[in-house]
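For reference, the structure is listed below as structure tokens.
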Amino acid sequence: MSELHPIRTRRAWPLAAAAVLTLAPGVWAGAHAATNDELAELVRQQSAMLKQQAAQIENLQQRLDNVEHSQDIVEHTSPAPAVAESTPGERMPRTAAADTPATGQDEDESLRALRSRVALLEAGNASQSGIDWSEGAPEFISPDGERSFRLGGRLMFDASTTHGSRFDDVDADRNISGTEARRLRIDASGRLARWLGYKLEYDLANNSASVRDAFLSTGFSLGSNDVKLYLGNKYDDRTLDGATSSNKTWFMERSLVNEAVAPDRGSYGLGVKGKIYDGGRNWHGSFAITSGEIGRDNDTSDNVTYMSRVHWNPWRSGENMVHLGTWGFYEDFDQTDGTVYKRTRIADHFNDNVRVRSRAIRDPDNSTAYGFELATSLGSFAAAAEYGERTVDQREDRGDESLRYDAYSLQAGYFLTGEHHGYSHKSGVWKFPEVKRPVSAGGIGAFEVAARYQALDYYDAPDYPGGNGRSRTLGLNWYPNGWSRLMLNYTLWDTNNRSGDFQGPDDGNTLSARAQVIF
């Protein structure tokens with residue numbers, strides 16, 4: 001038996017090499033690529049390792065086939081070797097067969113060992129799950145690419161201070177300051193199969209867990225276009241500023257068009273939604289049929305909402321483009337829905353007292369809304385304008401009154417460091433900019449200045465107690481890299497409410513700041 005040890009030692013090196021190659025991808029996956037060049041180099045190294053591993057499997061399989069072929073020859077064509085007589089204590093002379101590993105028990109052990117090595121290496125290769133760190137959080141991908149799991153989230157911490165309001169007594173004070181965790185979101189998303197995706201998102205702000213996105217998704221091709229369908233709870237595709245993720249809007253809060261001209265259920269709807277994308281990425285259209293929302297009491301029927309949005313890029317050249325869009329929704333109220341009443345923040349999210357109030361419509365029957373979008377991006381400059389209007393009709397047997405209100409917004413931005421405003425031609429929304437000189441690479445990041453003017457008018461008739469207001473905001477945004485941002489907004493606002501705690505003309509200023517991280 002000791003004669004076979006050198007052979008086993010010589011054959012042990014493939015197993016060691018296989019172990020190194022099997023562990024190497026795990027070591028690589030744990031490394032965080034700091035730059036695109038480093039990531040490209042790591043990908044090249046991984047590709048080389050996989051090719052070497054495949055060659056090693058092929059080599060070991062060939063050796064195994066040769067050994068098994070030799071065994072067949074020995075068993076079926078070779079006569080049994082003669083056994084020489086010997087006296088006790090006399091060593092038998094070695095024969096050629098004694099040096100051949102393909103005989104008897106030793107042969108079986110060698111074959112089992114070689115088969116085990118091949119199986120081990122093949123199993124290691126088959127179980128290699130990809131791990132992608134390019135978005136800041138790990139995404140795990142199965143070896144066959146069918147399934148994936150990704151953790152993501154966003155952290156937004158705000159500070160705010162308001163001055164100048166004439167309401168500054170203890171019982172009714174608009175001049176307040178403080179901090180808040182605006183968004184503390186964690187989500188899990190991925191694929192259960194190549195054709196079935198999922199996402200589940202929670203927001204932990206205000207020390208309570210609330211469900212945001214929670215849906216299943218699938219997609220298919222329709223001619224040259226792509227179709228995506230969603231079943232569950234998903235954020236609305238409504239207005240340019242509203243359809244853009246809160247991670248990527250130019251200002252800390254979305255425009256009054258999105259915040260005021262909205263369904264009574266809010267910006268999330270539970271139901272079926274779909275999108276169709278132009279194959280040339282010049283337009284898209286969406287539709288939604290939702291009924292109710294997550295967390296609603298199930299003691300009455302839900303309000304049903306039908307919604308749609310379309311965008312089109314009539315001109316685009318590189319990073320430059322012109323955006324046109326329109327949207328609308330129809331909301332059918334259940335007869336048990338008692339009142340429609342709007343209270344819209346106009347300064348920032350922290351200050352809950354600076355709002356514009358509408359009058360109340362009791363026993364609503366339905367509401368109809370529509371809006372228009374216009375935007376352009378030219379080099380480092382970009383601008384957008386939006387308008388929206390909503391009408392809420394009361395039931396005929398309850399008075400047959402109507403509430404009509406509208407809002408508009410104008411905004412412009414410019415990158416001092418030469419970046420372009422990120423924009424998705426596929427979905428017609430703003431994206432995060434590509435930072436040219438990130439801090440991690442020794443640069444200064446990207447600096448953007450922005451300005452916005454917007455107005456909201458609930459004063460739809462002289463004898464109705466609806467309010468109106470407007471705001472002017474200057475913003476400064478610093479992007480150290482592609483996953484973090486510091487924001488500073490200074491807002492001059494004025495309101496004229498005709499009901500509630502803060503009636504009459506009032507004005508003031510609000511300074512807000514945000515630290516944001518996305519992953």
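Letters A, B, ... mark the chains of the structure tokens in the order given; residue numbers begin at 1 per chain; ligand numbers begin at 1, in order shown.
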
Close residues, range 179-182 of chain A itself excluded, 9 Å, only C-alpha atoms, min 3 positions apart in chain, as an mmCIF file with N, CA, C and O atoms, in the first residue's frame:
```
data_model
loop_
_atom_site.group_PDB
_atom_site.id
_atom_site.type_symbol
_atom_site.label_atom_id
_atom_site.label_comp_id
_atom_site.auth_asym_id
_atom_site.auth_seq_id
_atom_site.Cartn_x
_atom_site.Cartn_y
_atom_site.Cartn_z
ATOM 1 N N LEU A 155 -31.619 56.307 3.838
ATOM 2 C CA LEU A 155 -31.644 56.998 5.126
ATOM 3 C C LEU A 155 -31.616 58.490 4.851
ATOM 4 O O LEU A 155 -30.719 58.981 4.158
ATOM 5 N N MET A 156 -32.606 59.214 5.394
ATOM 6 C CA MET A 156 -32.686 60.663 5.216
ATOM 7 C C MET A 156 -32.937 61.318 6.568
ATOM 8 O O MET A 156 -33.959 61.037 7.204
ATOM 9 N N PHE A 157 -32.003 62.169 6.975
ATOM 10 C CA PHE A 157 -32.107 62.874 8.246
ATOM 11 C C PHE A 157 -32.194 64.368 7.976
ATOM 12 O O PHE A 157 -31.318 64.939 7.317
ATOM 13 N N ASP A 158 -33.274 64.992 8.481
ATOM 14 C CA ASP A 158 -33.569 66.394 8.191
ATOM 15 C C ASP A 158 -33.461 67.272 9.425
ATOM 16 O O ASP A 158 -33.685 66.810 10.557
ATOM 17 N N ALA A 159 -33.130 68.536 9.177
ATOM 18 C CA ALA A 159 -33.179 69.583 10.198
ATOM 19 C C ALA A 159 -33.916 70.775 9.610
ATOM 20 O O ALA A 159 -33.823 71.041 8.401
ATOM 21 N N SER A 160 -34.684 71.492 10.449
ATOM 22 C CA SER A 160 -35.526 72.572 9.942
ATOM 23 C C SER A 160 -35.661 73.680 10.975
ATOM 24 O O SER A 160 -35.704 73.413 12.183
ATOM 25 N N THR A 161 -35.736 74.915 10.492
ATOM 26 C CA THR A 161 -36.037 76.054 11.360
ATOM 27 C C THR A 161 -36.841 77.076 10.567
ATOM 28 O O THR A 161 -36.525 77.353 9.404
ATOM 29 N N ALA A 205 -39.519 55.190 9.800
ATOM 30 C CA ALA A 205 -39.540 56.541 10.367
ATOM 31 C C ALA A 205 -40.688 56.663 11.362
ATOM 32 O O ALA A 205 -41.678 55.932 11.300
ATOM 33 N N ASN A 206 -40.544 57.610 12.296
ATOM 34 C CA ASN A 206 -41.549 57.865 13.335
ATOM 35 C C ASN A 206 -41.732 56.679 14.275
ATOM 36 O O ASN A 206 -42.782 56.532 14.919
ATOM 37 N N HIS A 349 -41.399 69.302 5.263
ATOM 38 C CA HIS A 349 -42.153 68.234 5.909
ATOM 39 C C HIS A 349 -42.180 68.380 7.416
ATOM 40 O O HIS A 349 -43.177 68.045 8.064
ATOM 41 N N PHE A 350 -41.103 68.893 8.014
ATOM 42 C CA PHE A 350 -41.037 68.966 9.476
ATOM 43 C C PHE A 350 -42.099 69.899 10.044
ATOM 44 O O PHE A 350 -42.771 69.567 11.030
ATOM 45 N N ARG A 514 -30.645 68.374 4.765
ATOM 46 C CA ARG A 514 -30.803 66.912 4.747
ATOM 47 C C ARG A 514 -29.472 66.221 4.483
ATOM 48 O O ARG A 514 -28.688 66.666 3.629
#
```

Residues within 10 Å of range 474-487 of chain A, please, as a tab-separated table (two decimals) with all heavy atoms, in the first residue's frame. Count only C-alpha atoms; anything in the same chain fewer than 4 positions from it doesn't count.
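Written output follows (result-v4.tsv):
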```
chain	number	residue	atom	x	y	z
A	135	GLU	N	-24.31	48.46	-6.69
A	135	GLU	CA	-25.30	49.43	-6.24
A	135	GLU	C	-25.14	49.81	-4.78
A	135	GLU	O	-26.01	50.47	-4.21
A	135	GLU	CB	-26.71	48.88	-6.48
A	135	GLU	CG	-27.04	48.62	-7.94
A	135	GLU	CD	-27.04	49.89	-8.76
A	135	GLU	OE1	-27.40	50.94	-8.21
A	135	GLU	OE2	-26.67	49.83	-9.94
A	136	GLY	N	-24.03	49.38	-4.14
A	136	GLY	CA	-23.78	49.75	-2.76
A	136	GLY	C	-24.23	48.73	-1.74
A	136	GLY	O	-23.75	48.71	-0.62
A	154	ARG	N	-32.75	53.44	2.09
A	154	ARG	CA	-32.39	54.86	2.07
A	154	ARG	C	-32.53	55.42	3.49
A	154	ARG	O	-33.43	55.04	4.24
A	154	ARG	CB	-33.28	55.63	1.09
A	154	ARG	CG	-34.73	55.72	1.49
A	154	ARG	CD	-35.61	56.24	0.39
A	154	ARG	NE	-35.85	55.26	-0.65
A	154	ARG	CZ	-36.65	55.44	-1.68
A	154	ARG	NH1	-37.29	56.59	-1.83
A	154	ARG	NH2	-36.85	54.50	-2.59
A	155	LEU	N	-31.62	56.31	3.84
A	155	LEU	CA	-31.64	57.00	5.13
A	155	LEU	C	-31.62	58.49	4.85
A	155	LEU	O	-30.72	58.98	4.16
A	155	LEU	CB	-30.44	56.60	5.98
A	155	LEU	CG	-30.24	55.10	6.25
A	155	LEU	CD1	-28.96	54.89	7.04
A	155	LEU	CD2	-31.43	54.51	6.99
A	156	MET	N	-32.61	59.21	5.39
A	156	MET	CA	-32.69	60.66	5.22
A	156	MET	C	-32.94	61.32	6.57
A	156	MET	O	-33.96	61.04	7.20
A	156	MET	CB	-33.81	61.03	4.24
A	156	MET	CG	-33.63	60.49	2.85
A	156	MET	SD	-35.00	61.01	1.76
A	156	MET	CE	-34.57	60.16	0.24
A	157	PHE	N	-32.00	62.17	6.97
A	157	PHE	CA	-32.11	62.87	8.25
A	157	PHE	C	-32.19	64.37	7.98
A	157	PHE	O	-31.32	64.94	7.32
A	157	PHE	CB	-30.90	62.56	9.13
A	157	PHE	CG	-30.76	61.09	9.45
A	157	PHE	CD1	-29.87	60.30	8.74
A	157	PHE	CD2	-31.52	60.49	10.44
A	157	PHE	CE1	-29.74	58.95	9.01
A	157	PHE	CE2	-31.40	59.15	10.72
A	157	PHE	CZ	-30.51	58.37	10.00
A	158	ASP	N	-33.27	64.99	8.48
A	158	ASP	CA	-33.57	66.39	8.19
A	158	ASP	C	-33.46	67.27	9.43
A	158	ASP	O	-33.68	66.81	10.56
A	158	ASP	CB	-34.98	66.54	7.63
A	158	ASP	CG	-35.14	65.91	6.25
A	158	ASP	OD1	-34.15	65.33	5.75
A	158	ASP	OD2	-36.25	66.00	5.68
A	247	ASN	N	-35.16	59.83	-3.70
A	247	ASN	CA	-33.70	59.87	-3.67
A	247	ASN	C	-33.12	60.84	-4.69
A	247	ASN	O	-31.96	61.27	-4.55
A	247	ASN	CB	-33.11	58.48	-3.97
A	247	ASN	CG	-33.50	57.45	-2.96
A	247	ASN	OD1	-33.70	57.76	-1.79
A	247	ASN	ND2	-33.62	56.20	-3.39
A	248	LYS	N	-33.92	61.18	-5.71
A	248	LYS	CA	-33.35	61.84	-6.89
A	248	LYS	C	-34.02	63.16	-7.26
A	248	LYS	O	-33.66	63.77	-8.26
A	248	LYS	CB	-33.44	60.86	-8.08
A	248	LYS	CG	-32.71	59.56	-7.81
A	248	LYS	CD	-33.13	58.45	-8.73
A	248	LYS	CE	-32.49	57.12	-8.32
A	248	LYS	NZ	-32.95	55.99	-9.15
A	250	TRP	N	-34.83	67.15	-7.07
A	250	TRP	CA	-33.88	68.26	-6.91
A	250	TRP	C	-34.03	68.95	-5.55
A	250	TRP	O	-33.09	69.57	-5.07
A	250	TRP	CB	-34.08	69.29	-8.01
A	250	TRP	CG	-33.94	68.77	-9.40
A	250	TRP	CD1	-33.60	67.50	-9.79
A	250	TRP	CD2	-34.14	69.50	-10.61
A	250	TRP	NE1	-33.58	67.39	-11.14
A	250	TRP	CE2	-33.90	68.61	-11.68
A	250	TRP	CE3	-34.50	70.80	-10.89
A	250	TRP	CZ2	-34.01	68.99	-13.01
A	250	TRP	CZ3	-34.61	71.20	-12.22
A	250	TRP	CH2	-34.36	70.31	-13.26
A	251	PHE	N	-35.22	68.86	-4.96
A	251	PHE	CA	-35.50	69.54	-3.70
A	251	PHE	C	-35.90	68.51	-2.64
A	251	PHE	O	-36.25	67.37	-2.97
A	251	PHE	CB	-36.61	70.58	-3.87
A	251	PHE	CG	-36.28	71.65	-4.87
A	251	PHE	CD1	-36.62	71.50	-6.21
A	251	PHE	CD2	-35.61	72.81	-4.48
A	251	PHE	CE1	-36.31	72.47	-7.15
A	251	PHE	CE2	-35.29	73.79	-5.41
A	251	PHE	CZ	-35.64	73.63	-6.74
A	252	MET	N	-35.86	68.92	-1.39
A	252	MET	CA	-36.14	68.00	-0.30
A	252	MET	C	-37.57	67.48	-0.35
A	252	MET	O	-37.83	66.33	0.03
A	252	MET	CB	-35.83	68.66	1.04
A	252	MET	CG	-34.35	68.91	1.28
A	252	MET	SD	-34.02	69.85	2.79
A	252	MET	CE	-34.81	68.84	4.04
A	411	GLN	N	-39.32	75.02	-12.07
A	411	GLN	CA	-38.03	74.80	-11.41
A	411	GLN	C	-36.91	74.71	-12.44
A	411	GLN	O	-37.12	74.35	-13.60
A	411	GLN	CB	-38.06	73.52	-10.57
A	411	GLN	CG	-38.23	72.24	-11.35
A	411	GLN	CD	-38.36	71.03	-10.43
A	411	GLN	OE1	-39.14	71.04	-9.46
A	411	GLN	NE2	-37.61	69.97	-10.72
A	412	ALA	N	-35.70	75.07	-11.98
A	412	ALA	CA	-34.51	75.02	-12.84
A	412	ALA	C	-33.31	74.64	-11.98
A	412	ALA	O	-33.26	74.95	-10.78
A	412	ALA	CB	-34.27	76.36	-13.52
A	413	GLY	N	-32.36	73.96	-12.60
A	413	GLY	CA	-31.16	73.54	-11.89
A	413	GLY	C	-29.93	73.63	-12.77
A	413	GLY	O	-30.03	73.55	-14.01
A	414	TYR	N	-28.77	73.80	-12.13
A	414	TYR	CA	-27.52	73.92	-12.89
A	414	TYR	C	-26.39	73.29	-12.07
A	414	TYR	O	-26.26	73.55	-10.86
A	414	TYR	CB	-27.20	75.39	-13.17
A	414	TYR	CG	-25.94	75.58	-14.00
A	414	TYR	CD1	-25.98	75.41	-15.38
A	414	TYR	CD2	-24.73	75.93	-13.40
A	414	TYR	CE1	-24.84	75.59	-16.15
A	414	TYR	CE2	-23.59	76.11	-14.16
A	414	TYR	CZ	-23.65	75.94	-15.54
A	414	TYR	OH	-22.51	76.10	-16.29
A	415	PHE	N	-25.58	72.43	-12.71
A	415	PHE	CA	-24.44	71.81	-12.06
A	415	PHE	C	-23.20	72.68	-12.24
A	415	PHE	O	-22.74	72.91	-13.37
A	415	PHE	CB	-24.19	70.41	-12.62
A	415	PHE	CG	-25.00	69.34	-11.94
A	415	PHE	CD1	-26.16	68.87	-12.52
A	415	PHE	CD2	-24.60	68.83	-10.71
A	415	PHE	CE1	-26.93	67.91	-11.89
A	415	PHE	CE2	-25.35	67.86	-10.07
A	415	PHE	CZ	-26.51	67.39	-10.66
A	432	PHE	N	-30.28	60.08	-10.55
A	432	PHE	CA	-29.10	60.59	-9.87
A	432	PHE	C	-28.04	60.95	-10.92
A	432	PHE	O	-27.89	60.24	-11.92
A	432	PHE	CB	-28.54	59.51	-8.94
A	432	PHE	CG	-28.10	60.02	-7.60
A	432	PHE	CD1	-29.04	60.48	-6.69
A	432	PHE	CD2	-26.76	60.01	-7.23
A	432	PHE	CE1	-28.65	60.93	-5.44
A	432	PHE	CE2	-26.37	60.46	-5.99
A	432	PHE	CZ	-27.31	60.92	-5.08
A	433	PRO	N	-27.31	62.04	-10.74
A	433	PRO	CA	-26.28	62.40	-11.73
A	433	PRO	C	-25.08	61.47	-11.66
A	433	PRO	O	-24.81	60.84	-10.63
A	433	PRO	CB	-25.89	63.82	-11.31
A	433	PRO	CG	-26.11	63.85	-9.84
A	433	PRO	CD	-27.34	63.00	-9.61
A	434	GLU	N	-24.37	61.37	-12.77
A	434	GLU	CA	-23.09	60.65	-12.79
A	434	GLU	C	-22.01	61.63	-12.32
A	434	GLU	O	-21.65	62.56	-13.04
A	434	GLU	CB	-22.78	60.16	-14.21
A	434	GLU	CG	-23.71	59.07	-14.70
A	434	GLU	CD	-23.48	57.74	-14.01
A	434	GLU	OE1	-22.37	57.56	-13.45
A	434	GLU	OE2	-24.41	56.91	-14.00
A	435	VAL	N	-21.52	61.42	-11.11
A	435	VAL	CA	-20.54	62.34	-10.52
A	435	VAL	C	-19.19	62.16	-11.22
A	435	VAL	O	-18.62	61.07	-11.23
A	435	VAL	CB	-20.41	62.09	-9.00
A	435	VAL	CG1	-19.40	63.06	-8.39
A	435	VAL	CG2	-21.78	62.23	-8.32
A	436	LYS	N	-18.69	63.24	-11.81
A	436	LYS	CA	-17.45	63.15	-12.59
A	436	LYS	C	-16.22	62.96	-11.71
A	436	LYS	O	-15.32	62.19	-12.06
A	436	LYS	CB	-17.28	64.42	-13.43
A	436	LYS	CG	-18.29	64.56	-14.57
A	436	LYS	CD	-17.98	65.79	-15.42
A	436	LYS	CE	-18.89	65.87	-16.62
A	436	LYS	NZ	-18.57	67.04	-17.49
A	437	ARG	N	-16.19	63.67	-10.59
A	437	ARG	CA	-15.00	63.60	-9.73
A	437	ARG	C	-15.44	63.29	-8.29
A	437	ARG	O	-15.52	64.19	-7.45
A	437	ARG	CB	-14.25	64.93	-9.78
A	437	ARG	CG	-13.63	65.23	-11.14
A	437	ARG	CD	-12.97	66.60	-11.20
A	437	ARG	NE	-13.98	67.66	-11.17
A	437	ARG	CZ	-14.64	68.08	-12.25
A	437	ARG	NH1	-14.42	67.53	-13.42
A	437	ARG	NH2	-15.53	69.06	-12.14
A	438	PRO	N	-15.75	62.01	-8.02
A	438	PRO	CA	-16.21	61.65	-6.66
A	438	PRO	C	-15.12	61.85	-5.62
A	438	PRO	O	-13.91	61.80	-5.94
A	438	PRO	CB	-16.59	60.17	-6.80
A	438	PRO	CG	-15.81	59.69	-7.99
A	438	PRO	CD	-15.70	60.85	-8.92
A	439	VAL	N	-15.54	62.10	-4.41
A	439	VAL	CA	-14.60	62.32	-3.32
A	439	VAL	C	-13.71	61.10	-3.11
A	439	VAL	O	-12.52	61.23	-2.79
A	439	VAL	CB	-15.37	62.68	-2.03
A	439	VAL	CG1	-14.43	62.73	-0.83
A	439	VAL	CG2	-16.10	64.01	-2.20
A	440	SER	N	-14.25	59.90	-3.30
A	440	SER	CA	-13.48	58.68	-3.10
A	440	SER	C	-12.31	58.56	-4.06
A	440	SER	O	-11.36	57.82	-3.81
A	440	SER	CB	-14.39	57.45	-3.24
A	440	SER	OG	-15.00	57.44	-4.52
A	441	ALA	N	-12.38	59.30	-5.20
A	441	ALA	CA	-11.30	59.28	-6.18
A	441	ALA	C	-10.44	60.54	-6.10
A	441	ALA	O	-9.69	60.84	-7.02
A	441	ALA	CB	-11.87	59.13	-7.59
A	443	GLY	N	-11.67	63.69	-5.84
A	443	GLY	CA	-12.33	64.86	-6.39
A	443	GLY	C	-13.13	65.62	-5.34
A	443	GLY	O	-13.04	65.35	-4.14
A	444	ILE	N	-13.94	66.55	-5.82
A	444	ILE	CA	-14.74	67.37	-4.91
A	444	ILE	C	-16.22	67.01	-4.98
A	444	ILE	O	-17.05	67.64	-4.33
A	444	ILE	CB	-14.58	68.87	-5.22
A	444	ILE	CG1	-15.07	69.18	-6.65
A	444	ILE	CG2	-13.13	69.30	-5.05
A	444	ILE	CD1	-15.12	70.66	-6.96
A	445	GLY	N	-16.58	66.00	-5.76
A	445	GLY	CA	-17.97	65.65	-5.92
A	445	GLY	C	-18.66	66.56	-6.91
A	445	GLY	O	-18.02	67.26	-7.70
A	446	ALA	N	-19.98	66.58	-6.87
A	446	ALA	CA	-20.77	67.41	-7.78
A	446	ALA	C	-21.59	68.41	-6.98
A	446	ALA	O	-22.17	68.07	-5.95
A	446	ALA	CB	-21.70	66.53	-8.62
A	447	PHE	N	-21.65	69.65	-7.47
A	447	PHE	CA	-22.41	70.72	-6.81
A	447	PHE	C	-23.50	71.20	-7.77
A	447	PHE	O	-23.23	71.51	-8.94
A	447	PHE	CB	-21.51	71.88	-6.42
A	447	PHE	CG	-20.66	71.61	-5.20
A	447	PHE	CD1	-19.41	71.02	-5.32
A	447	PHE	CD2	-21.13	71.93	-3.94
A	447	PHE	CE1	-18.63	70.77	-4.20
A	447	PHE	CE2	-20.37	71.68	-2.81
A	447	PHE	CZ	-19.11	71.10	-2.94
A	448	GLU	N	-24.72	71.29	-7.24
A	448	GLU	CA	-25.86	71.72	-8.03
A	448	GLU	C	-26.59	72.85	-7.30
A	448	GLU	O	-26.80	72.78	-6.08
A	448	GLU	CB	-26.83	70.55	-8.23
A	448	GLU	CG	-28.11	70.90	-8.95
A	448	GLU	CD	-29.14	69.79	-8.89
A	448	GLU	OE1	-29.05	68.94	-7.97
A	448	GLU	OE2	-30.04	69.78	-9.75
A	449	VAL	N	-26.98	73.88	-8.04
A	449	VAL	CA	-27.85	74.92	-7.51
A	449	VAL	C	-29.20	74.80	-8.22
A	449	VAL	O	-29.27	74.43	-9.40
A	449	VAL	CB	-27.27	76.33	-7.72
A	449	VAL	CG1	-26.02	76.52	-6.85
A	449	VAL	CG2	-26.94	76.59	-9.18
A	450	ALA	N	-30.28	75.05	-7.47
A	450	ALA	CA	-31.62	74.90	-8.04
A	450	ALA	C	-32.54	75.96	-7.47
A	450	ALA	O	-32.33	76.46	-6.36
A	450	ALA	CB	-32.16	73.50	-7.74
A	451	ALA	N	-33.56	76.30	-8.23
A	451	ALA	CA	-34.56	77.28	-7.80
A	451	ALA	C	-35.94	76.80	-8.23
A	451	ALA	O	-36.08	76.17	-9.30
A	451	ALA	CB	-34.27	78.66	-8.41
A	452	ARG	N	-36.94	77.08	-7.38
A	452	ARG	CA	-38.30	76.65	-7.70
A	452	ARG	C	-39.32	77.69	-7.23
A	452	ARG	O	-39.20	78.27	-6.14
A	452	ARG	CB	-38.61	75.31	-7.03
A	452	ARG	CG	-40.03	74.81	-7.29
A	452	ARG	CD	-40.24	73.39	-6.80
A	452	ARG	NE	-40.18	73.26	-5.37
A	452	ARG	CZ	-40.19	72.09	-4.71
A	452	ARG	NH1	-40.25	70.96	-5.39
A	452	ARG	NH2	-40.14	72.06	-3.39
A	453	TYR	N	-40.31	77.93	-8.06
A	453	TYR	CA	-41.47	78.76	-7.71
A	453	TYR	C	-42.71	77.90	-7.91
A	453	TYR	O	-42.88	77.25	-8.95
A	453	TYR	CB	-41.55	80.00	-8.59
A	453	TYR	CG	-42.74	80.88	-8.27
A	453	TYR	CD1	-42.68	81.85	-7.29
A	453	TYR	CD2	-43.95	80.70	-8.96
A	453	TYR	CE1	-43.77	82.65	-7.00
A	453	TYR	CE2	-45.06	81.49	-8.66
A	453	TYR	CZ	-44.96	82.46	-7.68
A	453	TYR	OH	-46.06	83.23	-7.37
A	491	THR	N	-36.57	78.47	1.86
A	491	THR	CA	-37.89	78.69	1.27
A	491	THR	C	-38.56	79.93	1.86
A	491	THR	O	-38.65	80.06	3.09
A	491	THR	CB	-38.80	77.47	1.52
A	491	THR	OG1	-38.20	76.31	0.92
A	491	THR	CG2	-40.18	77.68	0.91
A	492	LEU	N	-38.99	80.82	0.98
A	492	LEU	CA	-39.86	81.94	1.35
A	492	LEU	C	-41.28	81.54	1.00
A	492	LEU	O	-41.56	81.16	-0.15
A	492	LEU	CB	-39.46	83.21	0.59
A	492	LEU	CG	-38.05	83.75	0.85
A	492	LEU	CD1	-37.76	84.91	-0.10
A	492	LEU	CD2	-37.89	84.19	2.29
A	511	LEU	N	-35.58	77.33	6.67
A	511	LEU	CA	-34.28	76.79	6.25
A	511	LEU	C	-34.24	75.31	6.61
A	511	LEU	O	-34.44	74.94	7.77
A	511	LEU	CB	-33.14	77.53	6.95
A	511	LEU	CG	-31.71	77.09	6.60
A	511	LEU	CD1	-31.41	77.37	5.13
A	511	LEU	CD2	-30.70	77.78	7.50
A	512	SER	N	-33.99	74.47	5.61
A	512	SER	CA	-34.01	73.01	5.81
A	512	SER	C	-32.72	72.41	5.29
A	512	SER	O	-32.13	72.89	4.31
A	512	SER	CB	-35.20	72.38	5.07
A	512	SER	OG	-36.41	73.07	5.35
A	513	ALA	N	-32.30	71.32	5.94
A	513	ALA	CA	-31.08	70.61	5.51
A	513	ALA	C	-31.33	69.12	5.61
A	513	ALA	O	-32.13	68.64	6.43
A	513	ALA	CB	-29.90	71.01	6.38
A	514	ARG	N	-30.65	68.37	4.77
A	514	ARG	CA	-30.80	66.91	4.75
A	514	ARG	C	-29.47	66.22	4.48
A	514	ARG	O	-28.69	66.67	3.63
A	514	ARG	CB	-31.81	66.49	3.68
A	514	ARG	CG	-31.86	64.97	3.41
A	514	ARG	CD	-32.95	64.60	2.44
A	514	ARG	NE	-34.26	64.88	3.02
A	514	ARG	CZ	-35.41	64.84	2.34
A	514	ARG	NH1	-35.38	64.56	1.03
A	514	ARG	NH2	-36.55	65.10	2.94
A	515	ALA	N	-29.24	65.13	5.20
A	515	ALA	CA	-28.15	64.20	4.91
A	515	ALA	C	-28.78	62.90	4.42
A	515	ALA	O	-29.65	62.34	5.10
A	515	ALA	CB	-27.29	63.96	6.14
A	516	GLN	N	-28.35	62.42	3.28
A	516	GLN	CA	-29.02	61.29	2.61
A	516	GLN	C	-28.00	60.25	2.18
A	516	GLN	O	-26.94	60.57	1.63
A	516	GLN	CB	-29.79	61.81	1.40
A	516	GLN	CG	-30.25	60.74	0.42
A	516	GLN	CD	-30.85	61.33	-0.82
A	516	GLN	OE1	-31.66	62.26	-0.79
A	516	GLN	NE2	-30.45	60.82	-1.97
A	517	VAL	N	-28.34	58.99	2.41
A	517	VAL	CA	-27.54	57.86	1.93
A	517	VAL	C	-28.50	56.86	1.32
A	517	VAL	O	-29.55	56.56	1.88
A	517	VAL	CB	-26.75	57.20	3.08
A	517	VAL	CG1	-26.07	55.92	2.59
A	517	VAL	CG2	-25.71	58.15	3.63
A	518	ILE	N	-28.15	56.33	0.15
A	518	ILE	CA	-28.96	55.30	-0.50
A	518	ILE	C	-28.07	54.09	-0.78
A	518	ILE	O	-26.88	54.21	-1.02
A	518	ILE	CB	-29.60	55.82	-1.81
A	518	ILE	CG1	-28.53	56.35	-2.77
A	518	ILE	CG2	-30.61	56.89	-1.52
A	518	ILE	CD1	-29.10	56.83	-4.10
A	519	PHE	N	-28.67	52.92	-0.70
A	519	PHE	CA	-27.93	51.69	-0.96
A	519	PHE	C	-28.88	50.62	-1.48
A	519	PHE	O	-30.10	50.81	-1.46
A	519	PHE	CB	-27.21	51.21	0.30
A	519	PHE	CG	-28.11	51.00	1.48
A	519	PHE	CD1	-28.68	49.77	1.73
A	519	PHE	CD2	-28.40	52.05	2.34
A	519	PHE	CE1	-29.51	49.57	2.82
A	519	PHE	CE2	-29.22	51.87	3.44
A	519	PHE	CZ	-29.78	50.62	3.68
```

Give me the residues within 7 Å of Asp365 in chain A as a PyMOL selection string, counting only C-alpha atoms and dropping any in the same chain fewer than 3 places off.
chain A and resi 332-333+393-395

I need the residues from that last selection saved to file as an mmCIF file, in the first residue's frame (with C-alpha atoms), if you can.
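Final file, again-v4.cif:
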```cif
data_model
loop_
_atom_site.group_PDB
_atom_site.id
_atom_site.type_symbol
_atom_site.label_atom_id
_atom_site.label_comp_id
_atom_site.auth_asym_id
_atom_site.auth_seq_id
_atom_site.Cartn_x
_atom_site.Cartn_y
_atom_site.Cartn_z
ATOM 1 C CA ASP A 332 -64.839 56.614 -7.434
ATOM 2 C CA PHE A 333 -65.673 57.145 -3.750
ATOM 3 C CA ASP A 393 -67.977 66.260 -7.026
ATOM 4 C CA GLN A 394 -70.490 65.790 -4.262
ATOM 5 C CA ARG A 395 -73.328 63.276 -4.500
#
```

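On the backbone of this structure, DSSP gives helix (DSSP H, G or I) within range 196-297 of chain A to A:Ala205, A:Asn206, A:Asn207, A:Leu240, A:Asp241, A:Gly242, A:Ala243, A:Leu256, A:Val257, A:Asn258, A:Glu259, A:Ala260.
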
Go through A:Arg191, A:Arg212, A:Lys426, A:Arg345 and flag the residue nearest Asp226 in chain A, using only C-alpha atoms for the distances.
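Result for the nearest residue to Asp226 in chain A: A:Lys426.
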